[in-house]
file start.cif (mmCIF, C-alpha atoms)
data_my_file
#
loop_
_atom_site.label_atom_id
_atom_site.label_comp_id
_atom_site.auth_asym_id
_atom_site.auth_seq_id
_atom_site.Cartn_x
_atom_site.Cartn_y
_atom_site.Cartn_z
CA MET C 1484 -160.28 -65.99 -213.77
CA TYR C 1485 -161.80 -68.12 -210.98
CA ARG C 1486 -163.82 -65.13 -209.78
CA LEU C 1487 -165.36 -64.73 -213.22
CA ILE C 1488 -166.09 -68.45 -213.49
CA SER C 1489 -167.66 -68.42 -210.04
CA GLU C 1490 -169.85 -65.38 -210.77
CA HIS C 1491 -170.91 -66.29 -214.30
CA VAL C 1492 -170.94 -70.11 -214.20
CA VAL C 1493 -170.97 -71.49 -210.66
CA TYR C 1494 -173.39 -68.99 -209.15
CA PRO C 1495 -175.94 -69.33 -211.99
CA LEU C 1496 -175.66 -73.11 -211.50
CA TYR C 1497 -176.42 -72.68 -207.81
CA GLU C 1498 -179.43 -70.50 -208.68
CA ARG C 1499 -180.78 -73.07 -211.14
CA VAL C 1500 -180.42 -75.94 -208.66
CA SER C 1501 -181.87 -73.98 -205.73
CA GLY C 1502 -184.63 -72.16 -207.61
CA ARG C 1503 -183.24 -68.75 -206.62
CA CYS C 1504 -182.99 -65.61 -208.78
CA ILE C 1505 -180.31 -63.44 -207.15
CA ARG C 1506 -177.61 -62.42 -209.55
CA HIS C 1507 -179.61 -60.04 -211.76
CA LYS C 1508 -180.86 -58.29 -208.59
CA PHE C 1509 -177.27 -58.07 -207.39
CA VAL C 1510 -176.30 -56.40 -210.69
CA GLN C 1511 -179.15 -53.89 -210.21
CA LEU C 1512 -178.02 -53.07 -206.67
CA GLU C 1513 -174.38 -52.81 -207.70
CA ALA C 1514 -175.44 -50.07 -210.12
CA SER C 1515 -177.98 -48.23 -207.96
CA GLN C 1516 -175.57 -47.73 -205.03
CA TRP C 1517 -173.74 -45.15 -207.17
CA TRP C 1518 -176.83 -43.19 -208.18
CA PRO C 1519 -177.26 -39.70 -206.70
CA LEU C 1520 -179.45 -39.79 -203.59
CA ALA C 1521 -182.29 -38.04 -205.46
CA ASP C 1522 -182.37 -40.84 -208.05
CA ILE C 1523 -182.32 -43.49 -205.32
CA LEU C 1524 -185.28 -41.80 -203.64
CA ASP C 1525 -187.16 -41.66 -206.97
CA TRP C 1526 -186.59 -45.40 -207.39
CA GLN C 1527 -187.65 -45.97 -203.79
CA GLN C 1528 -190.82 -43.92 -204.27
CA ALA C 1529 -191.85 -45.93 -207.35
CA ARG C 1530 -191.34 -49.25 -205.51
CA LEU C 1531 -193.21 -47.89 -202.48
CA ALA C 1532 -196.23 -46.92 -204.59
CA GLN C 1533 -196.41 -50.46 -205.98
CA LEU C 1534 -196.13 -52.03 -202.52
CA VAL C 1535 -198.75 -49.76 -200.95
CA ARG C 1536 -201.26 -50.45 -203.74
CA HIS C 1537 -200.66 -54.20 -203.39
CA ALA C 1538 -201.06 -54.05 -199.59
CA TYR C 1539 -204.26 -52.01 -199.84
CA ASP C 1540 -205.80 -54.31 -202.44
CA THR C 1541 -204.81 -57.71 -201.02
CA VAL C 1542 -203.94 -57.47 -197.30
CA PRO C 1543 -206.91 -57.18 -194.88
CA TYR C 1544 -204.84 -55.53 -192.12
CA TYR C 1545 -203.68 -52.69 -194.37
CA ARG C 1546 -207.11 -52.15 -195.89
CA GLN C 1547 -208.35 -51.54 -192.31
CA ALA C 1548 -205.31 -49.40 -191.41
CA PHE C 1549 -205.80 -47.14 -194.43
CA ALA C 1550 -209.52 -46.79 -193.71
CA ALA C 1551 -208.86 -45.91 -190.06
CA ALA C 1552 -206.38 -43.22 -191.14
CA GLY C 1553 -208.74 -41.89 -193.84
CA LEU C 1554 -206.22 -42.67 -196.58
CA THR C 1555 -206.07 -44.32 -199.98
CA PRO C 1556 -202.90 -45.57 -201.74
CA ALA C 1557 -202.88 -42.35 -203.79
CA ASP C 1558 -202.24 -40.42 -200.55
CA VAL C 1559 -198.90 -42.21 -199.99
CA ARG C 1560 -196.73 -40.67 -202.67
CA SER C 1561 -193.40 -40.66 -200.80
CA ALA C 1562 -191.71 -42.00 -197.69
CA THR C 1563 -192.77 -38.84 -195.84
CA ASP C 1564 -196.44 -39.74 -196.35
CA LEU C 1565 -195.95 -43.04 -194.51
CA ALA C 1566 -196.09 -41.13 -191.22
CA SER C 1567 -199.89 -41.09 -191.53
CA LEU C 1568 -199.99 -44.87 -191.11
CA PRO C 1569 -199.65 -46.68 -187.76
CA LEU C 1570 -196.48 -48.49 -186.77
CA LEU C 1571 -196.41 -52.23 -187.34
CA THR C 1572 -195.26 -53.81 -184.08
CA LYS C 1573 -194.16 -57.32 -183.16
CA ALA C 1574 -197.29 -57.66 -181.02
CA VAL C 1575 -199.50 -56.85 -184.02
CA ILE C 1576 -197.67 -59.41 -186.17
CA GLN C 1577 -198.07 -62.09 -183.51
CA GLU C 1578 -201.75 -61.33 -182.86
CA ARG C 1579 -202.92 -60.61 -186.43
CA SER C 1580 -200.60 -62.72 -188.55
CA SER C 1581 -203.32 -64.15 -190.80
CA GLU C 1582 -204.66 -60.64 -191.56
CA LEU C 1583 -201.20 -59.51 -192.66
CA LEU C 1584 -200.90 -62.17 -195.37
CA SER C 1585 -201.69 -61.18 -198.93
CA THR C 1586 -204.76 -62.97 -200.24
CA VAL C 1587 -203.11 -63.47 -203.66
CA TYR C 1588 -200.20 -65.48 -202.23
CA PRO C 1589 -201.13 -69.16 -201.73
CA PRO C 1590 -199.54 -70.93 -198.75
CA ASP C 1591 -197.02 -72.77 -200.94
CA ARG C 1592 -195.57 -69.40 -202.04
CA CYS C 1593 -195.19 -68.10 -198.48
CA ILE C 1594 -191.91 -68.93 -196.74
CA ALA C 1595 -192.14 -69.15 -192.95
CA ASN C 1596 -189.37 -67.46 -190.98
CA TYR C 1597 -188.76 -66.77 -187.31
CA THR C 1598 -186.94 -64.22 -185.20
CA GLY C 1599 -184.43 -65.64 -182.76
CA GLY C 1600 -186.28 -64.45 -179.67
CA SER C 1601 -183.27 -62.51 -178.32
CA ILE C 1602 -185.48 -60.07 -176.41
CA GLY C 1603 -188.61 -62.11 -175.87
CA THR C 1604 -190.85 -64.67 -177.54
CA PRO C 1605 -189.73 -65.71 -181.05
CA MET C 1606 -191.96 -64.19 -183.75
CA ARG C 1607 -193.21 -66.13 -186.77
CA PHE C 1608 -193.65 -64.24 -190.04
CA TYR C 1609 -193.69 -64.92 -193.79
CA GLN C 1610 -191.71 -63.86 -196.81
CA ASP C 1611 -191.86 -64.63 -200.51
CA GLN C 1612 -189.02 -65.85 -202.70
CA GLY C 1613 -188.57 -62.44 -204.29
CA GLN C 1614 -188.01 -60.82 -200.90
CA GLN C 1615 -185.43 -63.43 -199.93
CA ASP C 1616 -183.63 -63.09 -203.25
CA TRP C 1617 -183.48 -59.29 -202.98
CA GLY C 1618 -182.21 -59.70 -199.40
CA THR C 1619 -179.47 -62.10 -200.46
CA ALA C 1620 -178.45 -59.85 -203.36
CA ASN C 1621 -178.27 -56.92 -200.95
CA THR C 1622 -176.09 -58.93 -198.55
CA LEU C 1623 -173.72 -59.91 -201.37
CA ARG C 1624 -173.36 -56.22 -202.29
CA CYS C 1625 -172.47 -55.34 -198.71
CA ASN C 1626 -170.07 -58.30 -198.55
CA ARG C 1627 -168.25 -56.81 -201.52
CA TRP C 1628 -167.74 -53.56 -199.59
CA ALA C 1629 -165.71 -55.64 -197.10
CA GLY C 1630 -163.46 -57.16 -199.79
CA TRP C 1631 -165.48 -60.31 -200.55
CA ASP C 1632 -166.00 -61.47 -204.12
CA PHE C 1633 -167.43 -64.47 -205.92
CA GLY C 1634 -165.26 -67.57 -205.61
CA GLN C 1635 -163.52 -66.55 -202.40
CA ARG C 1636 -163.36 -69.00 -199.53
CA THR C 1637 -165.65 -67.64 -196.81
CA LEU C 1638 -165.87 -68.62 -193.15
CA VAL C 1639 -169.24 -68.04 -191.47
CA LEU C 1640 -168.99 -68.15 -187.68
CA TRP C 1641 -172.61 -68.51 -186.56
CA GLY C 1642 -174.62 -69.33 -183.46
CA HIS C 1643 -178.25 -69.60 -184.50
CA PRO C 1644 -179.09 -73.35 -184.18
CA ARG C 1645 -181.68 -73.34 -186.98
CA ASP C 1646 -179.32 -71.62 -189.43
CA VAL C 1647 -176.47 -73.98 -188.61
CA LYS C 1648 -178.77 -77.01 -188.97
CA ALA C 1649 -179.80 -75.78 -192.42
CA THR C 1650 -176.16 -75.96 -193.57
CA GLN C 1651 -176.19 -79.71 -192.84
CA THR C 1652 -179.03 -80.46 -195.27
CA ALA C 1653 -178.35 -81.62 -198.83
CA ARG C 1654 -179.21 -78.14 -200.13
CA GLY C 1655 -176.97 -76.52 -197.51
CA LYS C 1656 -174.03 -78.78 -198.36
CA LEU C 1657 -174.47 -78.08 -202.07
CA ARG C 1658 -174.47 -74.34 -201.38
CA ALA C 1659 -171.31 -74.66 -199.29
CA LEU C 1660 -169.58 -76.65 -202.05
CA LEU C 1661 -170.56 -74.36 -204.90
CA LEU C 1662 -169.99 -71.08 -203.06
CA ARG C 1663 -166.89 -72.16 -201.09
CA GLU C 1664 -168.61 -71.27 -197.84
CA HIS C 1665 -167.87 -73.02 -194.56
CA THR C 1666 -170.19 -72.50 -191.58
CA PHE C 1667 -168.72 -73.11 -188.14
CA ASP C 1668 -171.20 -73.82 -185.33
CA ALA C 1669 -170.29 -71.43 -182.53
CA PHE C 1670 -173.37 -71.76 -180.32
CA GLY C 1671 -171.51 -73.31 -177.39
CA PHE C 1672 -168.06 -72.09 -178.49
CA SER C 1673 -165.97 -73.99 -175.96
CA THR C 1674 -162.19 -73.76 -175.68
CA ALA C 1675 -161.93 -76.90 -177.80
CA ASP C 1676 -164.23 -75.33 -180.43
CA MET C 1677 -162.06 -72.22 -180.63
CA ALA C 1678 -158.88 -74.28 -180.91
CA ALA C 1679 -160.48 -76.26 -183.78
CA LEU C 1680 -161.51 -73.00 -185.46
CA ALA C 1681 -157.95 -71.68 -185.23
CA ASP C 1682 -156.71 -74.89 -186.88
CA TYR C 1683 -159.28 -74.50 -189.65
CA ILE C 1684 -158.22 -70.91 -190.37
CA ARG C 1685 -154.58 -71.97 -190.46
CA ARG C 1686 -155.40 -74.78 -192.88
CA ALA C 1687 -158.09 -73.25 -195.13
CA ARG C 1688 -157.01 -69.58 -195.08
CA PRO C 1689 -160.48 -68.06 -195.61
CA GLN C 1690 -160.44 -64.71 -197.37
CA THR C 1691 -163.62 -63.37 -195.76
CA VAL C 1692 -164.98 -63.99 -192.25
CA ILE C 1693 -168.63 -63.29 -191.38
CA ALA C 1694 -169.62 -63.65 -187.73
CA TYR C 1695 -171.51 -62.44 -184.71
CA ALA C 1696 -169.57 -59.50 -183.26
CA SER C 1697 -169.59 -61.01 -179.75
CA MET C 1698 -168.26 -64.35 -181.03
CA LEU C 1699 -165.49 -62.66 -182.97
CA ALA C 1700 -164.45 -60.73 -179.86
CA HIS C 1701 -164.57 -63.89 -177.74
CA PHE C 1702 -162.46 -65.78 -180.28
CA ALA C 1703 -159.95 -62.93 -180.61
CA ALA C 1704 -159.57 -62.80 -176.80
CA PHE C 1705 -158.93 -66.56 -176.77
CA LEU C 1706 -156.22 -66.23 -179.43
CA ASP C 1707 -154.67 -63.23 -177.68
CA GLU C 1708 -154.47 -64.94 -174.29
CA ARG C 1709 -152.70 -67.94 -175.85
CA GLY C 1710 -150.40 -65.95 -178.10
CA LEU C 1711 -152.02 -67.37 -181.25
CA THR C 1712 -151.82 -64.13 -183.19
CA ASP C 1713 -150.05 -65.52 -186.27
CA LEU C 1714 -153.08 -66.96 -188.10
CA PRO C 1715 -153.40 -66.16 -191.85
CA ALA C 1716 -155.22 -62.84 -192.07
CA PRO C 1717 -158.41 -62.63 -194.15
CA GLN C 1718 -159.03 -59.69 -196.48
CA GLY C 1719 -162.01 -58.50 -194.47
CA ILE C 1720 -164.08 -59.37 -191.41
CA ILE C 1721 -167.82 -58.69 -191.31
CA ALA C 1722 -169.30 -58.26 -187.82
CA SER C 1723 -173.02 -58.83 -187.85
CA THR C 1724 -176.13 -59.72 -185.80
CA ASP C 1725 -175.23 -58.15 -182.45
CA MET C 1726 -173.65 -54.89 -181.34
CA LEU C 1727 -170.01 -54.23 -182.26
CA PHE C 1728 -168.30 -52.06 -179.67
CA PRO C 1729 -165.11 -50.02 -180.22
CA HIS C 1730 -162.97 -52.11 -177.85
CA GLN C 1731 -164.12 -55.28 -179.67
CA ARG C 1732 -163.24 -53.84 -183.08
CA GLN C 1733 -159.77 -52.89 -181.85
CA LEU C 1734 -159.14 -56.34 -180.38
CA ILE C 1735 -160.42 -58.23 -183.46
CA GLU C 1736 -158.41 -56.12 -185.91
CA ARG C 1737 -155.22 -56.37 -183.82
CA VAL C 1738 -155.41 -60.14 -183.33
CA LEU C 1739 -156.81 -61.25 -186.70
CA GLY C 1740 -154.94 -58.65 -188.72
CA ALA C 1741 -157.77 -57.47 -190.96
CA PRO C 1742 -160.23 -54.56 -191.04
CA VAL C 1743 -163.65 -55.07 -189.46
CA PHE C 1744 -166.79 -53.97 -191.30
CA ASN C 1745 -169.84 -53.46 -189.11
CA ARG C 1746 -173.27 -54.50 -190.36
CA TYR C 1747 -176.82 -53.94 -189.10
CA GLY C 1748 -179.71 -56.19 -189.99
CA CYS C 1749 -182.36 -58.59 -188.79
CA ARG C 1750 -184.15 -61.70 -189.98
CA GLU C 1751 -187.32 -59.78 -190.82
CA VAL C 1752 -185.76 -57.56 -193.52
CA VAL C 1753 -182.17 -58.89 -193.80
CA THR C 1754 -179.39 -56.26 -194.15
CA VAL C 1755 -180.48 -52.76 -193.16
CA ALA C 1756 -177.13 -50.93 -193.29
CA ALA C 1757 -173.44 -51.72 -193.57
CA GLU C 1758 -170.01 -50.10 -193.52
CA CYS C 1759 -167.96 -49.46 -196.62
CA GLY C 1760 -164.20 -48.99 -196.66
CA GLU C 1761 -164.45 -45.41 -195.39
CA HIS C 1762 -165.76 -46.56 -191.96
CA VAL C 1763 -167.58 -43.28 -191.31
CA GLY C 1764 -170.96 -44.88 -190.63
CA MET C 1765 -173.19 -47.51 -192.19
CA HIS C 1766 -174.84 -47.07 -195.59
CA ILE C 1767 -178.62 -47.52 -195.39
CA ASN C 1768 -179.87 -49.82 -198.16
CA ALA C 1769 -182.37 -47.23 -199.35
CA ASP C 1770 -182.79 -48.89 -202.75
CA ARG C 1771 -184.43 -51.87 -201.02
CA LEU C 1772 -185.87 -50.42 -197.83
CA VAL C 1773 -187.49 -47.23 -196.55
CA VAL C 1774 -185.89 -46.46 -193.18
CA GLU C 1775 -187.42 -43.80 -190.93
CA PHE C 1776 -185.99 -42.46 -187.66
CA VAL C 1777 -188.72 -41.21 -185.33
CA ASP C 1778 -189.10 -39.95 -181.77
CA ALA C 1779 -191.44 -41.31 -179.10
CA ALA C 1780 -194.36 -39.42 -180.67
CA GLY C 1781 -193.64 -40.84 -184.14
CA ARG C 1782 -192.19 -37.58 -185.52
CA PRO C 1783 -189.03 -37.68 -187.69
CA VAL C 1784 -185.85 -36.83 -185.79
CA ALA C 1785 -183.25 -34.45 -187.19
CA PRO C 1786 -179.94 -35.83 -188.52
CA GLY C 1787 -177.48 -36.34 -185.69
CA HIS C 1788 -180.19 -37.21 -183.16
CA PRO C 1789 -181.16 -40.70 -182.01
CA GLY C 1790 -184.46 -42.06 -183.26
CA ARG C 1791 -186.48 -45.24 -183.23
CA VAL C 1792 -185.79 -47.24 -186.41
CA VAL C 1793 -188.91 -47.88 -188.51
CA ILE C 1794 -188.56 -49.96 -191.69
CA THR C 1795 -190.64 -50.61 -194.79
CA ASP C 1796 -189.47 -53.59 -196.86
CA LEU C 1797 -190.14 -52.70 -200.50
CA PHE C 1798 -190.06 -56.31 -201.74
CA ASN C 1799 -192.01 -58.54 -199.32
CA TYR C 1800 -195.36 -58.99 -201.04
CA ALA C 1801 -196.45 -62.16 -199.20
CA MET C 1802 -196.60 -60.36 -195.82
CA PRO C 1803 -195.83 -56.67 -196.35
CA PHE C 1804 -193.91 -54.98 -193.56
CA ILE C 1805 -194.89 -51.31 -193.77
CA ARG C 1806 -193.58 -49.02 -191.00
CA TYR C 1807 -192.22 -51.95 -188.98
CA ASP C 1808 -190.96 -50.88 -185.55
CA ILE C 1809 -187.83 -52.97 -185.27
CA GLN C 1810 -187.30 -51.80 -181.64
CA ASP C 1811 -183.86 -50.35 -182.32
CA VAL C 1812 -182.48 -46.84 -181.85
CA ALA C 1813 -179.95 -45.30 -184.27
CA VAL C 1814 -178.63 -41.91 -185.39
CA PRO C 1815 -179.18 -40.82 -189.03
CA SER C 1816 -176.77 -38.58 -190.91
CA ALA C 1817 -177.30 -35.97 -193.62
CA VAL C 1818 -173.60 -36.00 -194.61
CA PRO C 1819 -172.69 -37.99 -197.76
CA CYS C 1820 -170.00 -40.65 -197.53
CA PRO C 1821 -166.60 -39.83 -199.10
CA CYS C 1822 -166.82 -43.13 -201.02
CA GLY C 1823 -169.23 -41.51 -203.49
CA ARG C 1824 -172.17 -43.87 -202.99
CA GLY C 1825 -175.55 -42.15 -202.96
CA LEU C 1826 -176.89 -44.39 -200.22
CA PRO C 1827 -177.43 -42.33 -197.03
CA LEU C 1828 -175.64 -43.06 -193.76
CA LEU C 1829 -176.49 -43.77 -190.17
CA THR C 1830 -173.62 -42.75 -187.92
CA GLU C 1831 -174.36 -44.80 -184.82
CA LEU C 1832 -176.43 -47.79 -183.88
CA ILE C 1833 -177.29 -47.20 -180.25
CA GLY C 1834 -178.94 -50.59 -179.83
CA ARG C 1835 -182.15 -52.44 -179.24
CA TYR C 1836 -184.74 -50.89 -176.96
CA ALA C 1837 -184.27 -53.92 -174.71
CA ASP C 1838 -180.50 -53.20 -174.59
CA ILE C 1839 -180.64 -49.47 -173.86
CA LEU C 1840 -179.88 -48.44 -170.30
CA THR C 1841 -180.92 -45.18 -168.65
CA THR C 1842 -180.06 -43.13 -165.61
CA PRO C 1843 -182.65 -42.86 -162.81
CA GLU C 1844 -183.49 -39.47 -164.33
CA GLY C 1845 -184.29 -41.07 -167.72
CA ARG C 1846 -181.21 -40.12 -169.75
CA PHE C 1847 -179.95 -42.68 -172.31
CA VAL C 1848 -176.55 -44.22 -171.56
CA SER C 1849 -174.78 -45.43 -174.71
CA ALA C 1850 -173.55 -49.01 -174.56
CA SER C 1851 -170.69 -48.02 -176.89
CA ALA C 1852 -169.57 -45.44 -174.35
CA LEU C 1853 -169.90 -47.89 -171.48
CA THR C 1854 -167.59 -50.39 -173.14
CA THR C 1855 -164.74 -47.88 -173.04
CA ILE C 1856 -164.39 -48.54 -169.32
CA LEU C 1857 -163.73 -52.27 -169.72
CA PRO C 1858 -160.03 -52.04 -170.66
CA LYS C 1859 -159.47 -49.88 -167.57
CA ILE C 1860 -160.46 -52.65 -165.14
CA ALA C 1861 -157.70 -55.12 -164.37
CA SER C 1862 -158.52 -58.75 -165.16
CA LEU C 1863 -162.16 -58.17 -166.04
CA ARG C 1864 -162.77 -60.89 -168.61
CA GLU C 1865 -166.42 -60.17 -169.45
CA CYS C 1866 -169.43 -58.47 -167.95
CA GLN C 1867 -173.11 -57.88 -168.60
CA LEU C 1868 -175.09 -54.92 -167.32
CA VAL C 1869 -178.71 -55.64 -166.40
CA GLN C 1870 -181.00 -52.76 -165.48
CA LYS C 1871 -183.45 -54.38 -163.07
CA GLU C 1872 -185.20 -51.19 -162.03
CA ARG C 1873 -184.93 -47.50 -162.81
CA ASP C 1874 -182.40 -47.10 -159.99
CA TRP C 1875 -180.88 -50.61 -159.86
CA LEU C 1876 -178.11 -51.91 -162.10
CA GLN C 1877 -177.00 -55.52 -161.70
CA VAL C 1878 -173.53 -56.34 -163.05
CA LEU C 1879 -172.66 -59.92 -164.01
CA VAL C 1880 -168.88 -60.32 -163.87
CA VAL C 1881 -166.66 -63.04 -165.32
CA ARG C 1882 -163.42 -62.65 -163.37
CA GLY C 1883 -160.01 -63.20 -164.85
CA PRO C 1884 -156.78 -63.92 -162.92
CA GLY C 1885 -156.03 -60.98 -160.66
CA TYR C 1886 -159.55 -59.59 -160.48
CA ASP C 1887 -159.95 -58.45 -156.87
CA GLU C 1888 -161.81 -56.05 -154.61
CA ALA C 1889 -159.87 -53.11 -156.00
CA SER C 1890 -160.94 -54.08 -159.53
CA GLU C 1891 -164.57 -54.15 -158.46
CA THR C 1892 -164.28 -50.82 -156.69
CA ALA C 1893 -162.80 -49.30 -159.83
CA LEU C 1894 -165.60 -50.77 -161.96
CA ARG C 1895 -168.23 -49.43 -159.56
CA GLY C 1896 -166.67 -45.98 -159.75
CA GLN C 1897 -166.59 -46.00 -163.55
CA LEU C 1898 -170.25 -47.05 -163.78
CA ALA C 1899 -171.30 -44.45 -161.21
CA GLY C 1900 -169.72 -41.82 -163.44
CA PHE C 1901 -172.18 -42.75 -166.21
CA PHE C 1902 -175.31 -43.44 -164.16
CA GLY C 1903 -174.98 -40.93 -161.31
CA PRO C 1904 -175.21 -41.28 -157.53
CA GLN C 1905 -178.88 -42.37 -157.51
CA MET C 1906 -178.13 -45.66 -159.28
CA ARG C 1907 -177.75 -48.68 -156.98
CA ILE C 1908 -175.05 -50.98 -158.41
CA THR C 1909 -174.76 -54.63 -157.35
CA PHE C 1910 -172.35 -57.34 -158.54
CA ASP C 1911 -172.76 -61.06 -159.20
CA HIS C 1912 -169.81 -63.25 -160.11
CA VAL C 1913 -170.60 -65.84 -162.80
CA ASP C 1914 -168.65 -68.43 -164.80
CA GLU C 1915 -169.93 -67.15 -168.14
CA ILE C 1916 -172.33 -64.61 -169.62
CA PRO C 1917 -175.52 -66.38 -170.75
CA ARG C 1918 -176.31 -66.58 -174.45
CA THR C 1919 -179.71 -65.92 -175.98
CA ALA C 1920 -181.62 -68.64 -177.85
CA SER C 1921 -180.01 -67.40 -181.09
CA GLY C 1922 -176.48 -67.61 -179.67
CA LYS C 1923 -175.83 -63.93 -178.92
CA LYS C 1924 -174.18 -62.47 -175.85
CA ARG C 1925 -175.79 -59.21 -174.83
CA PHE C 1926 -173.58 -56.63 -173.14
CA SER C 1927 -176.51 -54.65 -171.76
CA VAL C 1928 -180.04 -55.76 -170.87
CA SER C 1929 -182.92 -53.55 -169.78
CA GLU C 1930 -185.78 -55.17 -167.90
CA LEU C 1931 -187.75 -51.91 -167.94
CA ASN C 1932 -190.82 -51.74 -170.16
CA GLU C 1933 -189.56 -48.69 -172.04
CA PRO C 1934 -186.19 -46.94 -171.94
CA GLY C 1935 -186.01 -43.28 -171.05
#

call {"tool": "encode", "arguments": {"input": "start.cif", "output": "structure tokens"}}
result
Amino acid sequence: MYRLISEHVVYPLYERVSGRCIRHKFVQLEASQWWPLADILDWQQARLAQLVRHAYDTVPYYRQAFAAAGLTPADVRSATDLASLPLLTKAVIQERSSELLSTVYPPDRCIANYTGGSIGTPMRFYQDQGQQDWGTANTLRCNRWAGWDFGQRTLVLWGHPRDVKATQTARGKLRALLLREHTFDAFGFSTADMAALADYIRRARPQTVIAYASMLAHFAAFLDERGLTDLPAPQGIIASTDMLFPHQRQLIERVLGAPVFNRYGCREVVTVAAECGEHVGMHINADRLVVEFVDAAGRPVAPGHPGRVVITDLFNYAMPFIRYDIQDVAVPSAVPCPCGRGLPLLTELIGRYADILTTPEGRFVSASALTTILPKIASLRECQLVQKERDWLQVLVVRGPGYDEASETALRGQLAGFFGPQMRITFDHVDEIPRTASGKKRFSVSELNEPG
């Protein structure tokens, strides 16, 4: 009964007070996820045609891009035709921001947003209210795959200072009250913070937890070390924002006693893909986004092969993102999910370009594979791999009790097995792994200009 009241009374009240229009979009997305893939692609194609015509008519950058490619909007009839257009890069957005704004959107209808600057300078961009509402509706749909529903008490464990600050405003507090959502500031995440969080979970018994993957793993390790493994289990745990590795999933599920659902997204386009209960990959939100997977030359990669992720947001009309190079690498799949949803899958998120490490010969080394060595090293609490040069890997190590020379020798041997004998491996002992400006802990960092 409370779920129905929350969905049909409380949430509409929140929309009216906040000026949002989310729920009817959520209903649309709840239906379209079950369409056959062909119907989803037809829907996608119709939305794409509208976006391309709008961009051509009202956005100076795209008018120039179409002219340079010798195209008109009529030439872009499907997602495949997008390949004739150039990639939209972060550098282009930073340098030509004013040219990317639609001339029919006045400034008061453009909502400024910012990337967290995890891999460089933060990027400013703009969205419209429709884009944000579609993004929120999409996120709610993916939350439901993890067991969430309207009216449930939700814990959000977050580390982005600007997002956390927004929860302290009058609007943020109203949202938290109406939606039963509690945001816990985990930017510093000290021992005292984690102890307070454990007390909150024991007291409030949240049914859904949404958090950075690295923060969840850090918190689970804290609980495990102190024997605090009897906290009330939520129905589902959503790991978002940074990479979720297999050893982290195992630790979180064992300690917190609930299944983990991985999610892939970014501030620019919100949720890109997410796991359902089958856990065989992440469903691409193809009824809201066009997602391409391309090689270094911009050609589509075959299913099962890693490709650069290129995204077109079908609903941002204030500053259209068409063929946006998000600087990630992932593996698409052609196999349908057993759950019956028509949304296609990606089977593996390899990581950000700035997180991908390579051998001296240029072969990719999967961060997910690298993390399998961590449980084999005695008393290794945390580490970060930093590729300084093609043949130099720096390892930042947070030592636990009992970490010794033999542990380091074993770690060196494991890494050499992945990177080969030409890789020079050095170690630095640190008190903690540094966080990015948005609160993430990166397991791997490449300081090379381009991986591979």

call {"tool": "atom_distance", "arguments": {"input": "start.cif", "atom1": "CA of Ala1678 in chain C", "atom2": "CA of Ala1703 in chain C"}}
result
11.4 Å

call {"tool": "closest_residue", "arguments": {"input": "start.cif", "among": "C:Leu1931, C:Ala1756, C:Ile1833, C:Leu1857", "to": "Arg1791 in chain C", "atoms": "all atoms listed in the file"}}
result
C:Ile1833

call {"tool": "residues_around", "arguments": {"input": "start.cif", "residues": "range 1654-1662 of chain C", "least_positions_apart": "4", "cutoff": "8 Å", "atoms": "only C-alpha atoms", "output": "PyMOL selection string"}}
result
chain C and resi 1489+1493-1494+1497+1501+1633-1636+1649-1650

call {"tool": "residues_around", "arguments": {"input": "start.cif", "residues": "Asp1616 in chain C", "least_positions_apart": "3", "cutoff": "6 Å", "atoms": "all atoms listed in the file", "output": "PyMOL selection string"}}
result
chain C and resi 1505+1613+1619

call {"tool": "residues_around", "arguments": {"input": "start.cif", "residues": "range 1687-1700 of chain C", "least_positions_apart": "4", "cutoff": "9 Å", "atoms": "all atoms listed in the file", "output": "MDAnalysis selection string"}}
result
chainID C and resid 1626 1629:1632 1635:1642 1665 1669 1672 1682:1683 1704:1705 1714:1728 1730:1732 1734:1735 1745 1922:1926

call {"tool": "resolve_selection", "arguments": {"input": "start.cif", "expression": "the PyMOL selection byres ((chain C and resi 1759-1770) around 7)", "output": "mmCIF file with C-alpha atoms, in the frame of the given file"}}
result
data_model
loop_
_atom_site.group_PDB
_atom_site.id
_atom_site.type_symbol
_atom_site.label_atom_id
_atom_site.label_comp_id
_atom_site.auth_asym_id
_atom_site.auth_seq_id
_atom_site.Cartn_x
_atom_site.Cartn_y
_atom_site.Cartn_z
ATOM 1 C CA ILE C 1523 -182.320 -43.490 -205.320
ATOM 2 C CA TRP C 1526 -186.590 -45.400 -207.390
ATOM 3 C CA GLN C 1527 -187.650 -45.970 -203.790
ATOM 4 C CA TRP C 1628 -167.740 -53.560 -199.590
ATOM 5 C CA ALA C 1629 -165.710 -55.640 -197.100
ATOM 6 C CA VAL C 1755 -180.480 -52.760 -193.160
ATOM 7 C CA ALA C 1756 -177.130 -50.930 -193.290
ATOM 8 C CA ALA C 1757 -173.440 -51.720 -193.570
ATOM 9 C CA GLU C 1758 -170.010 -50.100 -193.520
ATOM 10 C CA ARG C 1771 -184.430 -51.870 -201.020
ATOM 11 C CA LEU C 1772 -185.870 -50.420 -197.830
ATOM 12 C CA VAL C 1773 -187.490 -47.230 -196.550
ATOM 13 C CA CYS C 1822 -166.820 -43.130 -201.020
ATOM 14 C CA LEU C 1826 -176.890 -44.390 -200.220
ATOM 15 C CA PRO C 1827 -177.430 -42.330 -197.030
ATOM 16 C CA LEU C 1828 -175.640 -43.060 -193.760
ATOM 17 C CA LEU C 1829 -176.490 -43.770 -190.170
ATOM 18 C CA THR C 1830 -173.620 -42.750 -187.920
ATOM 19 C CA GLU C 1831 -174.360 -44.800 -184.820
#
